[in-house]
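Presented below is the structure to which this report refers.
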Amino acid sequence: MKSKAAQQLQDLHYFGEFGGVNPSISDSSTYTFLSAKTMFDTFEGNTEGCYLYSRHSSPSNLYLGEAMAALENTESANVYASGMGAITATVMQLCAANQHIVASRTIYGGTYALMKNFLPKLHINTSFVDITNLKKVEAAITETTKVLYCESVSNPLLEIADIEGLSALARKYGIALVVDNTFSPLTIKPADLGADVVIHSLTKFINGTSDCVAGAVCASTEFCLALKDVNDGAGMLMGSTLDSLRASSILKNMRTLHIRMKKHSENAQYLAEKFETDGLRVVYPGLESHRGHKDLKRQMNAEYGFGGMLTIDVGSLEKANLLMESMQKENLGYLAVSLGFYKTLFSAPGTSTSSEIPLEEQQEMGLTDGLIRFSIGLDNDIENTYLRMRKCMEQLGIFETLALSV
Ligand SMILES: *Cc1c(COP(=O)(O)O)cnc(C)c1O
């Protein structure tokens, strides 16, 4: 059966002011009221159906929010100026001083740094655990725990969270399960599996053109309204508001998400299988050798494949750097962080996006020096891409090095 989200996204349509096929962009920071009484009511929190001020909401941001809610099958969604804006608003809304978070130890470097270095200043502490081990997760939950936090497919190690299992734990202890689904839009639907809040960095696959940063929180209407409450909503008060022009361009890009995700997955699966056959150490959830392969298979929409992210380990940081430079010279992709672009992007996570994680912790969790993280692009001839990548590897003697190390 085809998943419904892509069709739901296509069915959402808002005409522009003059009957345009795209909605008009609301180009205003503030809105007029016909009566003073309505403005007063709006400040009192009765904001339903009214626009007050664009930090609170704007038509363009609401359109994008509706599309995100359709994508993730949640009641509602709010959009933010970045993925981190969405994450900080969510965590600060759910936790007060002297409360506690249990988080996966393999999460996005920025989220890790927020929880490890910043939140303790507000007396919010985090225990980092191996999220694939439900016993360890349960053991870390205390009386003050308010949030269980993970990524459905983790960055950069591509660990797969058992969202149903985590959700059962969250229910048992009355805490909120927050899942960052940035790596797997359409493939995984965390809310259908029991997540309370689903977060996205729209910067990545969802926008797909690497031209802006943006984020979203998909959740119940109650939670989304609480986040933008004018008196105590963390989203409203910390102010990471997405600009209407950007919301509008992201919404337009979202209409091709289903096609792009299929192509990213198809290309990544092809390369992963080839690299594995060649004897490289490949981590890709679509390979049977991947630890989380079965977990992902059970939870995914097969239609969209196993995603566009893979890692290979070429033995040393020096080799990783040489290979990335050589692939960039051959126009096979760009040496850049981030993901979800039409072009393949690669970086060495140990030294870039996860640089917040201390070296010994990185080694403990399998983040080795020679690791290269790929966001596989939309190449039309992936076989040709593979042959040219292989050539770069051969020229650097990568296969010989690996043969020696086994
Ligand atoms: C990039 C990323 C973020 C942060 O998003 P920004 O839009 O850069 O603020 C959060 N989580 C994951 C998994 C990411 O890849």
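In the structure tokens, each chain is lettered A, B, ... as it comes, each chain's residues begin at 1, and ligands are numbered from 1 in order of appearance.
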
Backbone DSSP call of helix (DSSP H, G or I) for stretch 106-173 of chain A, listed as number ranges by chain: A: 109-122, 134-140, 163-173

Compile the contact shell of A:Pro190 as a PDB file with N, CA, C and O atoms, in the first residue's frame: residues with an atom at most 9 Å away, counting only C-alpha atoms, same-chain residues fewer than 2 positions apart removed.
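Final output, saved to around-v4.pdb:
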ATOM      1  N   GLU A  72       3.786  14.493   8.858  1.00  0.00           N
ATOM      2  CA  GLU A  72       4.080  13.673  10.037  1.00  0.00           C
ATOM      3  C   GLU A  72       2.839  13.094  10.703  1.00  0.00           C
ATOM      4  O   GLU A  72       2.928  12.471  11.757  1.00  0.00           O
ATOM      5  N   ASN A  73       1.671  13.334  10.103  1.00  0.00           N
ATOM      6  CA  ASN A  73       0.417  12.827  10.665  1.00  0.00           C
ATOM      7  C   ASN A  73       0.226  13.238  12.133  1.00  0.00           C
ATOM      8  O   ASN A  73      -0.106  12.418  12.984  1.00  0.00           O
ATOM      9  N   SER A 152      15.320   9.392  14.893  1.00  0.00           N
ATOM     10  CA  SER A 152      14.833   8.105  14.375  1.00  0.00           C
ATOM     11  C   SER A 152      15.976   7.365  13.685  1.00  0.00           C
ATOM     12  O   SER A 152      16.142   6.166  13.864  1.00  0.00           O
ATOM     13  N   ILE A 163      11.192   3.146  17.981  1.00  0.00           N
ATOM     14  CA  ILE A 163      10.302   4.207  18.474  1.00  0.00           C
ATOM     15  C   ILE A 163       9.124   3.632  19.262  1.00  0.00           C
ATOM     16  O   ILE A 163       8.727   4.184  20.286  1.00  0.00           O
ATOM     17  N   GLU A 164       8.600   2.475  18.810  1.00  0.00           N
ATOM     18  CA  GLU A 164       7.491   1.863  19.563  1.00  0.00           C
ATOM     19  C   GLU A 164       7.933   1.464  20.963  1.00  0.00           C
ATOM     20  O   GLU A 164       7.222   1.686  21.939  1.00  0.00           O
ATOM     21  N   VAL A 179      11.156  12.979  19.073  1.00  0.00           N
ATOM     22  CA  VAL A 179      11.967  12.307  18.051  1.00  0.00           C
ATOM     23  C   VAL A 179      12.330  13.291  16.936  1.00  0.00           C
ATOM     24  O   VAL A 179      11.451  13.900  16.327  1.00  0.00           O
ATOM     25  N   ASP A 180      13.615  13.439  16.697  1.00  0.00           N
ATOM     26  CA  ASP A 180      14.110  14.256  15.584  1.00  0.00           C
ATOM     27  C   ASP A 180      14.138  13.352  14.348  1.00  0.00           C
ATOM     28  O   ASP A 180      14.884  12.373  14.298  1.00  0.00           O
ATOM     29  N   ASN A 181      13.312  13.689  13.365  1.00  0.00           N
ATOM     30  CA  ASN A 181      13.148  12.816  12.182  1.00  0.00           C
ATOM     31  C   ASN A 181      13.802  13.414  10.935  1.00  0.00           C
ATOM     32  O   ASN A 181      13.432  13.061   9.807  1.00  0.00           O
ATOM     33  N   ILE A 188      10.051   7.273   7.815  1.00  0.00           N
ATOM     34  CA  ILE A 188       9.562   6.934   9.155  1.00  0.00           C
ATOM     35  C   ILE A 188       8.546   7.978   9.581  1.00  0.00           C
ATOM     36  O   ILE A 188       8.716   9.175   9.322  1.00  0.00           O
ATOM     37  N   ASP A 192       3.122   8.077  14.270  1.00  0.00           N
ATOM     38  CA  ASP A 192       2.328   6.850  14.110  1.00  0.00           C
ATOM     39  C   ASP A 192       2.870   5.738  15.012  1.00  0.00           C
ATOM     40  O   ASP A 192       2.163   4.789  15.333  1.00  0.00           O
ATOM     41  N   LEU A 193       4.152   5.844  15.383  1.00  0.00           N
ATOM     42  CA  LEU A 193       4.779   4.810  16.205  1.00  0.00           C
ATOM     43  C   LEU A 193       4.766   5.184  17.682  1.00  0.00           C
ATOM     44  O   LEU A 193       5.332   4.482  18.512  1.00  0.00           O
ATOM     45  N   GLY A 194       4.173   6.335  18.004  1.00  0.00           N
ATOM     46  CA  GLY A 194       4.000   6.689  19.412  1.00  0.00           C
ATOM     47  C   GLY A 194       4.790   7.883  19.912  1.00  0.00           C
ATOM     48  O   GLY A 194       4.745   8.195  21.102  1.00  0.00           O
ATOM     49  N   ALA A 195       5.513   8.592  19.025  1.00  0.00           N
ATOM     50  CA  ALA A 195       6.237   9.790  19.481  1.00  0.00           C
ATOM     51  C   ALA A 195       5.234  10.899  19.808  1.00  0.00           C
ATOM     52  O   ALA A 195       4.218  11.035  19.132  1.00  0.00           O
ATOM     53  N   ASP A 196       5.538  11.676  20.849  1.00  0.00           N
ATOM     54  CA  ASP A 196       4.656  12.786  21.213  1.00  0.00           C
ATOM     55  C   ASP A 196       4.978  14.042  20.411  1.00  0.00           C
ATOM     56  O   ASP A 196       4.092  14.814  20.070  1.00  0.00           O
ATOM     57  N   VAL A 197       6.271  14.254  20.167  1.00  0.00           N
ATOM     58  CA  VAL A 197       6.699  15.442  19.425  1.00  0.00           C
ATOM     59  C   VAL A 197       7.691  14.986  18.348  1.00  0.00           C
ATOM     60  O   VAL A 197       8.598  14.198  18.630  1.00  0.00           O
ATOM     61  N   VAL A 198       7.481  15.437  17.118  1.00  0.00           N
ATOM     62  CA  VAL A 198       8.404  15.108  16.025  1.00  0.00           C
ATOM     63  C   VAL A 198       9.050  16.404  15.551  1.00  0.00           C
ATOM     64  O   VAL A 198       8.363  17.378  15.256  1.00  0.00           O
ATOM     65  N   GLN A 299       9.606  -0.544  10.915  1.00  0.00           N
ATOM     66  CA  GLN A 299       8.964   0.739  11.207  1.00  0.00           C
ATOM     67  C   GLN A 299       8.759   1.619   9.981  1.00  0.00           C
ATOM     68  O   GLN A 299       8.117   2.655  10.054  1.00  0.00           O
TER      69      GLN A 299
END

What does the structure give for the distance between atom CA of A:Ala191 and atom CA of A:Gly208, in Å to one decimal? 22.5 Å

From atom CA of A:Val102 to atom CA of A:Val217 the spacing works out at 19.0 Å

Can you pull out the residues contacting A:Ala226? Cut-off 12 Å, using only C-alpha atoms, and skip same-chain residues under 4 positions away; I want them as a list in words.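 Final neighbour list, sorted by chain and number: Gly45, Asn46, Thr47, His56, Ser76, Ala77, Asn78, Ala89, Thr90, Met92, Gln93, Leu94, Val217, Ala219, Ser220, Thr221, Glu222, Val230, Asn231, Asp232, Gly233, Ala234, Gly235, Met236 and Leu237 of chain A.
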
Write out as a ChimeraX atom specification the set of residues from stretch 177-343 of chain A that DSSP, computed on the backbone, places in strand (DSSP E or B). /A:177-180,188,197-201,215-219,281-283,300,309-313,334-335

Selection: 12 Å around A:Val129, only C-alpha atoms, excl. self and same-chain fewer than 2 positions, as a PyMOL selection string: chain A and resi 101-107+112+126-127+131-141+148-150+161+361+365

Could you build a table of the residues in chain A lying no more than 7 Å from ligand 1, giving for each the nearest pair of atoms and their separation in Å rounded to one decimal place, using only C-alpha atoms and all ligand atoms, ordered by chain and ascending residue number, as a tab-separated table?
residue	atom	partner	partner_atom_place_in_ligand_line	distance
A:Ser82	CA	ligand 1	7 (O)	4.0
A:Gly83	CA	ligand 1	5 (O)	3.4
A:Met84	CA	ligand 1	9 (O)	3.8
A:Gly85	CA	ligand 1	9 (O)	6.3
A:Ile107	CA	ligand 1	13 (C)	6.7
A:Tyr108	CA	ligand 1	13 (C)	5.0
A:Gly110	CA	ligand 1	4 (C)	6.6
A:Thr111	CA	ligand 1	10 (C)	6.5
A:Glu151	CA	ligand 1	13 (C)	6.5
A:Ser154	CA	ligand 1	13 (C)	6.8
A:Asn155	CA	ligand 1	13 (C)	5.7
A:Asp180	CA	ligand 1	13 (C)	6.1
A:Asn181	CA	ligand 1	13 (C)	6.9
A:Thr182	CA	ligand 1	13 (C)	5.0
A:Phe183	CA	ligand 1	13 (C)	6.1
A:His200	CA	ligand 1	11 (N)	6.8
A:Ser201	CA	ligand 1	5 (O)	4.3
A:Leu202	CA	ligand 1	7 (O)	6.2
A:Thr203	CA	ligand 1	7 (O)	4.9
A:Lys204	CA	ligand 1	1 (C)	6.7
A:Val213	CA	ligand 1	7 (O)	4.7
A:Ala214	CA	ligand 1	7 (O)	5.0
A:Gly215	CA	ligand 1	7 (O)	5.6
A:Ser338	CA	ligand 1	1 (C)	6.3

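Going from atom CA of A:Tyr304 to atom CA of A:Lys262 covers 4.9 Å.
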
Rank A:Ala176, A:Ala81, A:Leu251, A:Ile312 by their smallest atom-to-atom distance to A:Arg281, using only C-alpha atoms, and report the top residue only. A:Ile312

What's the 9 Å shell around stretch 334-337 of chain A, counting only C-alpha atoms, without same-chain residues fewer than 6 positions away, as a PyMOL selection string? chain A and resi 324-325+327-328+343-349+352-353+373

Would you mind exporting the chosen residues as an mmCIF file, in the first residue's frame, restricted to all heavy atoms?
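Result file is result_5.cif:
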data_model
loop_
_atom_site.group_PDB
_atom_site.id
_atom_site.type_symbol
_atom_site.label_atom_id
_atom_site.label_comp_id
_atom_site.auth_asym_id
_atom_site.auth_seq_id
_atom_site.Cartn_x
_atom_site.Cartn_y
_atom_site.Cartn_z
ATOM 1 N N MET A 324 38.041 12.747 0.138
ATOM 2 C CA MET A 324 37.013 13.776 -0.042
ATOM 3 C C MET A 324 37.502 14.862 -1.001
ATOM 4 O O MET A 324 36.755 15.318 -1.865
ATOM 5 C CB MET A 324 36.612 14.368 1.317
ATOM 6 C CG MET A 324 35.849 13.372 2.185
ATOM 7 S SD MET A 324 35.094 14.122 3.633
ATOM 8 C CE MET A 324 36.532 14.597 4.585
ATOM 9 N N GLU A 325 38.770 15.246 -0.861
ATOM 10 C CA GLU A 325 39.314 16.264 -1.772
ATOM 11 C C GLU A 325 39.331 15.763 -3.209
ATOM 12 O O GLU A 325 38.974 16.496 -4.142
ATOM 13 C CB GLU A 325 40.728 16.676 -1.324
ATOM 14 C CG GLU A 325 40.710 17.590 -0.103
ATOM 15 C CD GLU A 325 42.071 17.720 0.592
ATOM 16 O OE1 GLU A 325 43.097 17.274 0.024
ATOM 17 O OE2 GLU A 325 42.089 18.259 1.710
ATOM 18 N N MET A 327 37.392 13.383 -4.539
ATOM 19 C CA MET A 327 36.025 13.266 -5.074
ATOM 20 C C MET A 327 35.476 14.642 -5.444
ATOM 21 O O MET A 327 34.757 14.789 -6.435
ATOM 22 C CB MET A 327 35.102 12.574 -4.062
ATOM 23 C CG MET A 327 35.380 11.082 -3.908
ATOM 24 S SD MET A 327 34.118 10.203 -2.927
ATOM 25 C CE MET A 327 34.267 11.019 -1.340
ATOM 26 N N GLN A 328 35.841 15.634 -4.658
ATOM 27 C CA GLN A 328 35.362 16.984 -4.969
ATOM 28 C C GLN A 328 35.993 17.489 -6.275
ATOM 29 O O GLN A 328 35.315 18.085 -7.117
ATOM 30 C CB GLN A 328 35.679 17.952 -3.826
ATOM 31 C CG GLN A 328 35.278 19.393 -4.128
ATOM 32 C CD GLN A 328 35.119 20.238 -2.869
ATOM 33 O OE1 GLN A 328 34.025 20.489 -2.401
ATOM 34 N NE2 GLN A 328 36.248 20.663 -2.320
ATOM 35 N N LYS A 343 23.159 17.441 -4.928
ATOM 36 C CA LYS A 343 24.530 16.993 -5.141
ATOM 37 C C LYS A 343 24.950 16.174 -3.908
ATOM 38 O O LYS A 343 24.498 16.467 -2.793
ATOM 39 C CB LYS A 343 25.400 18.245 -5.234
ATOM 40 C CG LYS A 343 26.761 18.028 -5.768
ATOM 41 C CD LYS A 343 26.816 18.376 -7.230
ATOM 42 C CE LYS A 343 28.233 18.230 -7.751
ATOM 43 N NZ LYS A 343 28.249 18.273 -9.213
ATOM 44 N N THR A 344 25.804 15.191 -4.094
ATOM 45 C CA THR A 344 26.311 14.450 -2.940
ATOM 46 C C THR A 344 27.168 15.370 -2.079
ATOM 47 O O THR A 344 27.939 16.175 -2.597
ATOM 48 C CB THR A 344 27.125 13.230 -3.424
ATOM 49 O OG1 THR A 344 26.240 12.324 -4.080
ATOM 50 C CG2 THR A 344 27.813 12.515 -2.276
ATOM 51 N N LEU A 345 26.980 15.273 -0.757
ATOM 52 C CA LEU A 345 27.800 16.049 0.182
ATOM 53 C C LEU A 345 28.532 15.061 1.074
ATOM 54 O O LEU A 345 27.974 14.030 1.449
ATOM 55 C CB LEU A 345 26.921 16.959 1.048
ATOM 56 C CG LEU A 345 26.032 17.975 0.327
ATOM 57 C CD1 LEU A 345 25.170 18.736 1.335
ATOM 58 C CD2 LEU A 345 26.860 18.961 -0.491
ATOM 59 N N PHE A 346 29.798 15.367 1.393
ATOM 60 C CA PHE A 346 30.514 14.476 2.310
ATOM 61 C C PHE A 346 31.352 15.275 3.290
ATOM 62 O O PHE A 346 31.815 16.378 2.997
ATOM 63 C CB PHE A 346 31.381 13.453 1.564
ATOM 64 C CG PHE A 346 31.943 13.929 0.249
ATOM 65 C CD1 PHE A 346 33.030 14.781 0.206
ATOM 66 C CD2 PHE A 346 31.366 13.523 -0.954
ATOM 67 C CE1 PHE A 346 33.554 15.212 -1.005
ATOM 68 C CE2 PHE A 346 31.883 13.963 -2.173
ATOM 69 C CZ PHE A 346 32.984 14.816 -2.200
ATOM 70 N N SER A 347 31.472 14.700 4.496
ATOM 71 C CA SER A 347 32.294 15.330 5.529
ATOM 72 C C SER A 347 32.761 14.244 6.486
ATOM 73 O O SER A 347 32.223 13.142 6.494
ATOM 74 C CB SER A 347 31.478 16.382 6.274
ATOM 75 O OG SER A 347 30.328 15.801 6.839
ATOM 76 N N ALA A 348 33.766 14.583 7.266
ATOM 77 C CA ALA A 348 34.279 13.655 8.271
ATOM 78 C C ALA A 348 33.680 14.070 9.608
ATOM 79 O O ALA A 348 34.110 15.061 10.189
ATOM 80 C CB ALA A 348 35.802 13.699 8.308
ATOM 81 N N PRO A 349 32.656 13.353 10.087
ATOM 82 C CA PRO A 349 31.891 13.830 11.238
ATOM 83 C C PRO A 349 32.715 13.949 12.520
ATOM 84 O O PRO A 349 32.420 14.812 13.349
ATOM 85 C CB PRO A 349 30.769 12.810 11.402
ATOM 86 C CG PRO A 349 31.144 11.642 10.570
ATOM 87 C CD PRO A 349 32.134 12.091 9.556
ATOM 88 N N SER A 352 33.955 17.413 12.282
ATOM 89 C CA SER A 352 33.096 18.555 11.925
ATOM 90 C C SER A 352 31.825 18.594 12.757
ATOM 91 O O SER A 352 31.806 19.182 13.830
ATOM 92 C CB SER A 352 32.787 18.565 10.438
ATOM 93 O OG SER A 352 32.241 17.328 10.039
ATOM 94 N N THR A 353 30.765 17.899 12.290
ATOM 95 C CA THR A 353 29.476 18.075 12.977
ATOM 96 C C THR A 353 29.439 17.492 14.383
ATOM 97 O O THR A 353 28.573 17.827 15.158
ATOM 98 C CB THR A 353 28.302 17.454 12.178
ATOM 99 O OG1 THR A 353 28.570 16.083 11.985
ATOM 100 C CG2 THR A 353 28.115 18.127 10.832
ATOM 101 N N ARG A 373 30.922 10.687 6.195
ATOM 102 C CA ARG A 373 29.464 10.660 6.095
ATOM 103 C C ARG A 373 29.050 11.211 4.735
ATOM 104 O O ARG A 373 29.494 12.295 4.353
ATOM 105 C CB ARG A 373 28.842 11.504 7.199
ATOM 106 C CG ARG A 373 27.328 11.460 7.187
ATOM 107 C CD ARG A 373 26.722 12.422 8.172
ATOM 108 N NE ARG A 373 26.663 13.778 7.621
ATOM 109 C CZ ARG A 373 26.105 14.804 8.241
ATOM 110 N NH1 ARG A 373 25.581 14.644 9.444
ATOM 111 N NH2 ARG A 373 26.081 16.006 7.690
#

Shortest interatomic distance to A:Ala320 - which of A:Asp41, A:Glu159, A:Asp369, A:Glu400, counting only C-alpha atoms: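 That would be A:Asp369, the residue with the smallest distance to A:Ala320.
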
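Compared by their closest atoms to A:Leu177, and using only C-alpha atoms, the residues A:Val91, A:Ile160, A:Ile124, A:Ala216 rank with A:Val91 nearest.
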
Given the choices A:Ser184, A:Ser167, A:Asn253, A:Lys2, which gets closest to A:Pro285 if the distance is worked out from only C-alpha atoms?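 Nearest candidate to A:Pro285 out of A:Ser184, A:Ser167, A:Asn253, A:Lys2: A:Ser184.
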
For a quick check of understanding, using only C-alpha atoms, which of A:Val153, A:Ile87, A:Leu387, A:Leu186 has the smallest distance to A:Gly305?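 The answer is A:Leu186, which sits nearest to A:Gly305.
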
Residues near A:His13, anyone? I mean within 10 Å using only C-alpha atoms, not counting same-chain ones fewer than 4 positions away, as a ChimeraX atom specification. /A:8-9,21-23,63,67

Please, could you write that set of residues out with N, CA, C and O atoms as an mmCIF file, in the first residue's frame?
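And here's selection04.cif as it stands now:
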data_model
loop_
_atom_site.group_PDB
_atom_site.id
_atom_site.type_symbol
_atom_site.label_atom_id
_atom_site.label_comp_id
_atom_site.auth_asym_id
_atom_site.auth_seq_id
_atom_site.Cartn_x
_atom_site.Cartn_y
_atom_site.Cartn_z
ATOM 1 N N GLN A 8 -1.442 13.337 0.782
ATOM 2 C CA GLN A 8 -2.030 14.393 1.619
ATOM 3 C C GLN A 8 -1.351 15.732 1.355
ATOM 4 O O GLN A 8 -1.997 16.767 1.322
ATOM 5 N N LEU A 9 -0.028 15.679 1.141
ATOM 6 C CA LEU A 9 0.703 16.916 0.851
ATOM 7 C C LEU A 9 0.244 17.510 -0.476
ATOM 8 O O LEU A 9 0.076 18.715 -0.614
ATOM 9 N N VAL A 21 -1.669 29.750 -8.294
ATOM 10 C CA VAL A 21 -1.576 28.348 -7.885
ATOM 11 C C VAL A 21 -0.737 28.172 -6.613
ATOM 12 O O VAL A 21 -0.758 27.117 -5.993
ATOM 13 N N ASN A 22 0.010 29.199 -6.236
ATOM 14 C CA ASN A 22 0.725 29.180 -4.961
ATOM 15 C C ASN A 22 0.105 30.224 -4.039
ATOM 16 O O ASN A 22 -0.364 31.265 -4.506
ATOM 17 N N PRO A 23 0.127 29.946 -2.727
ATOM 18 C CA PRO A 23 -0.469 30.921 -1.817
ATOM 19 C C PRO A 23 0.307 32.243 -1.833
ATOM 20 O O PRO A 23 1.504 32.251 -2.071
ATOM 21 N N TYR A 63 0.681 27.900 6.635
ATOM 22 C CA TYR A 63 0.593 26.983 5.490
ATOM 23 C C TYR A 63 1.680 25.918 5.590
ATOM 24 O O TYR A 63 1.432 24.721 5.418
ATOM 25 N N ALA A 67 1.406 21.772 6.176
ATOM 26 C CA ALA A 67 2.062 20.767 5.336
ATOM 27 C C ALA A 67 2.907 19.832 6.201
ATOM 28 O O ALA A 67 2.927 18.610 5.990
#

Can you pull out every residue within 10 Å of stretch 301-303 of chain A, counting only C-alpha atoms, but drop anything in the same chain fewer than 3 positions away, and send it as a ChimeraX atom specification? /A:1-3,186-189,258,261-262,265,296-298,306

Output of the above residues as a compact mmCIF listing (two decimals), in the first residue's frame, restricted to all heavy atoms:
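Here's the written file again_35.txt:
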# COMPACT_ATOMS: atom_id res chain seq x y z
N MET A 1 0.84 -1.21 0.00
CA MET A 1 0.00 0.00 0.00
C MET A 1 0.87 1.25 0.00
O MET A 1 1.86 1.33 0.70
CB MET A 1 -0.88 -0.01 1.25
CG MET A 1 -2.09 0.88 1.13
SD MET A 1 -3.06 0.90 2.68
CE MET A 1 -2.11 1.98 3.71
N LYS A 2 0.48 2.22 -0.80
CA LYS A 2 1.23 3.49 -0.85
C LYS A 2 0.96 4.28 0.43
O LYS A 2 -0.16 4.28 0.94
CB LYS A 2 0.74 4.31 -2.05
CG LYS A 2 1.01 3.65 -3.38
CD LYS A 2 2.12 4.36 -4.11
CE LYS A 2 2.41 3.62 -5.40
NZ LYS A 2 3.70 3.96 -5.94
N SER A 3 1.98 4.95 0.90
CA SER A 3 1.77 5.76 2.11
C SER A 3 0.94 6.97 1.75
O SER A 3 0.95 7.46 0.62
CB SER A 3 3.11 6.18 2.69
OG SER A 3 3.57 7.33 2.04
N LEU A 186 9.19 10.97 5.48
CA LEU A 186 8.39 10.02 4.69
C LEU A 186 8.74 8.56 4.97
O LEU A 186 7.86 7.72 5.02
CB LEU A 186 8.49 10.29 3.17
CG LEU A 186 7.75 11.53 2.66
CD1 LEU A 186 8.14 11.84 1.21
CD2 LEU A 186 6.24 11.39 2.77
N THR A 187 10.03 8.25 5.17
CA THR A 187 10.40 6.86 5.45
C THR A 187 9.86 6.42 6.81
O THR A 187 9.30 5.34 6.95
CB THR A 187 11.94 6.70 5.42
OG1 THR A 187 12.39 6.98 4.11
CG2 THR A 187 12.37 5.30 5.79
N ILE A 188 10.05 7.27 7.82
CA ILE A 188 9.56 6.93 9.15
C ILE A 188 8.55 7.98 9.58
O ILE A 188 8.72 9.18 9.32
CB ILE A 188 10.71 6.88 10.18
CG1 ILE A 188 11.72 5.81 9.75
CG2 ILE A 188 10.19 6.54 11.57
CD1 ILE A 188 12.84 5.60 10.74
N LYS A 189 7.49 7.52 10.24
CA LYS A 189 6.46 8.41 10.78
C LYS A 189 6.46 8.24 12.29
O LYS A 189 5.66 7.45 12.82
CB LYS A 189 5.08 8.02 10.25
CG LYS A 189 4.92 8.15 8.77
CD LYS A 189 4.79 9.62 8.39
CE LYS A 189 4.03 9.77 7.11
NZ LYS A 189 2.69 9.22 7.17
N HIS A 258 8.62 13.63 -2.07
CA HIS A 258 8.45 12.18 -2.24
C HIS A 258 9.32 11.65 -3.40
O HIS A 258 9.89 10.57 -3.31
CB HIS A 258 6.97 11.82 -2.43
CG HIS A 258 6.31 12.46 -3.61
ND1 HIS A 258 6.18 13.82 -3.73
CD2 HIS A 258 5.74 11.93 -4.70
CE1 HIS A 258 5.53 14.09 -4.86
NE2 HIS A 258 5.26 12.97 -5.48
N MET A 261 13.09 11.83 -2.17
CA MET A 261 13.48 10.82 -1.17
C MET A 261 13.67 9.45 -1.82
O MET A 261 14.59 8.71 -1.47
CB MET A 261 12.43 10.72 -0.04
CG MET A 261 12.41 11.90 0.92
SD MET A 261 14.02 12.49 1.48
CE MET A 261 14.63 11.08 2.40
N LYS A 262 12.81 9.13 -2.78
CA LYS A 262 12.96 7.83 -3.46
C LYS A 262 14.30 7.77 -4.20
O LYS A 262 14.98 6.74 -4.18
CB LYS A 262 11.81 7.61 -4.45
CG LYS A 262 10.49 7.29 -3.76
CD LYS A 262 9.38 7.15 -4.78
CE LYS A 262 8.03 7.09 -4.05
NZ LYS A 262 6.89 7.08 -4.98
N SER A 265 17.30 7.52 -1.80
CA SER A 265 17.39 6.15 -1.25
C SER A 265 17.90 5.17 -2.28
O SER A 265 18.74 4.31 -1.98
CB SER A 265 16.01 5.68 -0.76
OG SER A 265 15.63 6.37 0.39
N LEU A 296 14.48 -0.93 11.35
CA LEU A 296 14.01 0.07 10.39
C LEU A 296 12.95 -0.55 9.47
O LEU A 296 11.91 0.05 9.22
CB LEU A 296 15.18 0.64 9.58
CG LEU A 296 14.81 1.74 8.57
CD1 LEU A 296 13.95 2.82 9.21
CD2 LEU A 296 16.05 2.39 7.98
N LYS A 297 13.22 -1.78 9.02
CA LYS A 297 12.28 -2.45 8.12
C LYS A 297 10.89 -2.54 8.73
O LYS A 297 9.88 -2.33 8.06
CB LYS A 297 12.80 -3.85 7.82
CG LYS A 297 12.95 -4.09 6.33
CD LYS A 297 13.55 -5.42 6.03
CE LYS A 297 12.96 -5.94 4.74
NZ LYS A 297 13.65 -7.11 4.25
N ARG A 298 10.89 -2.82 10.04
CA ARG A 298 9.61 -2.98 10.74
C ARG A 298 8.86 -1.64 10.82
O ARG A 298 7.64 -1.60 10.81
CB ARG A 298 9.93 -3.52 12.14
CG ARG A 298 8.77 -3.82 13.02
CD ARG A 298 9.22 -4.67 14.22
NE ARG A 298 10.47 -4.21 14.83
CZ ARG A 298 10.57 -3.19 15.66
NH1 ARG A 298 9.51 -2.50 16.00
NH2 ARG A 298 11.75 -2.83 16.16
N PHE A 306 15.59 3.22 2.26
CA PHE A 306 16.29 3.30 3.54
C PHE A 306 17.02 4.63 3.74
O PHE A 306 17.86 4.77 4.61
CB PHE A 306 17.25 2.13 3.69
CG PHE A 306 16.55 0.80 3.84
CD1 PHE A 306 16.16 0.08 2.74
CD2 PHE A 306 16.26 0.30 5.10
CE1 PHE A 306 15.50 -1.14 2.87
CE2 PHE A 306 15.61 -0.92 5.25
CZ PHE A 306 15.22 -1.64 4.13
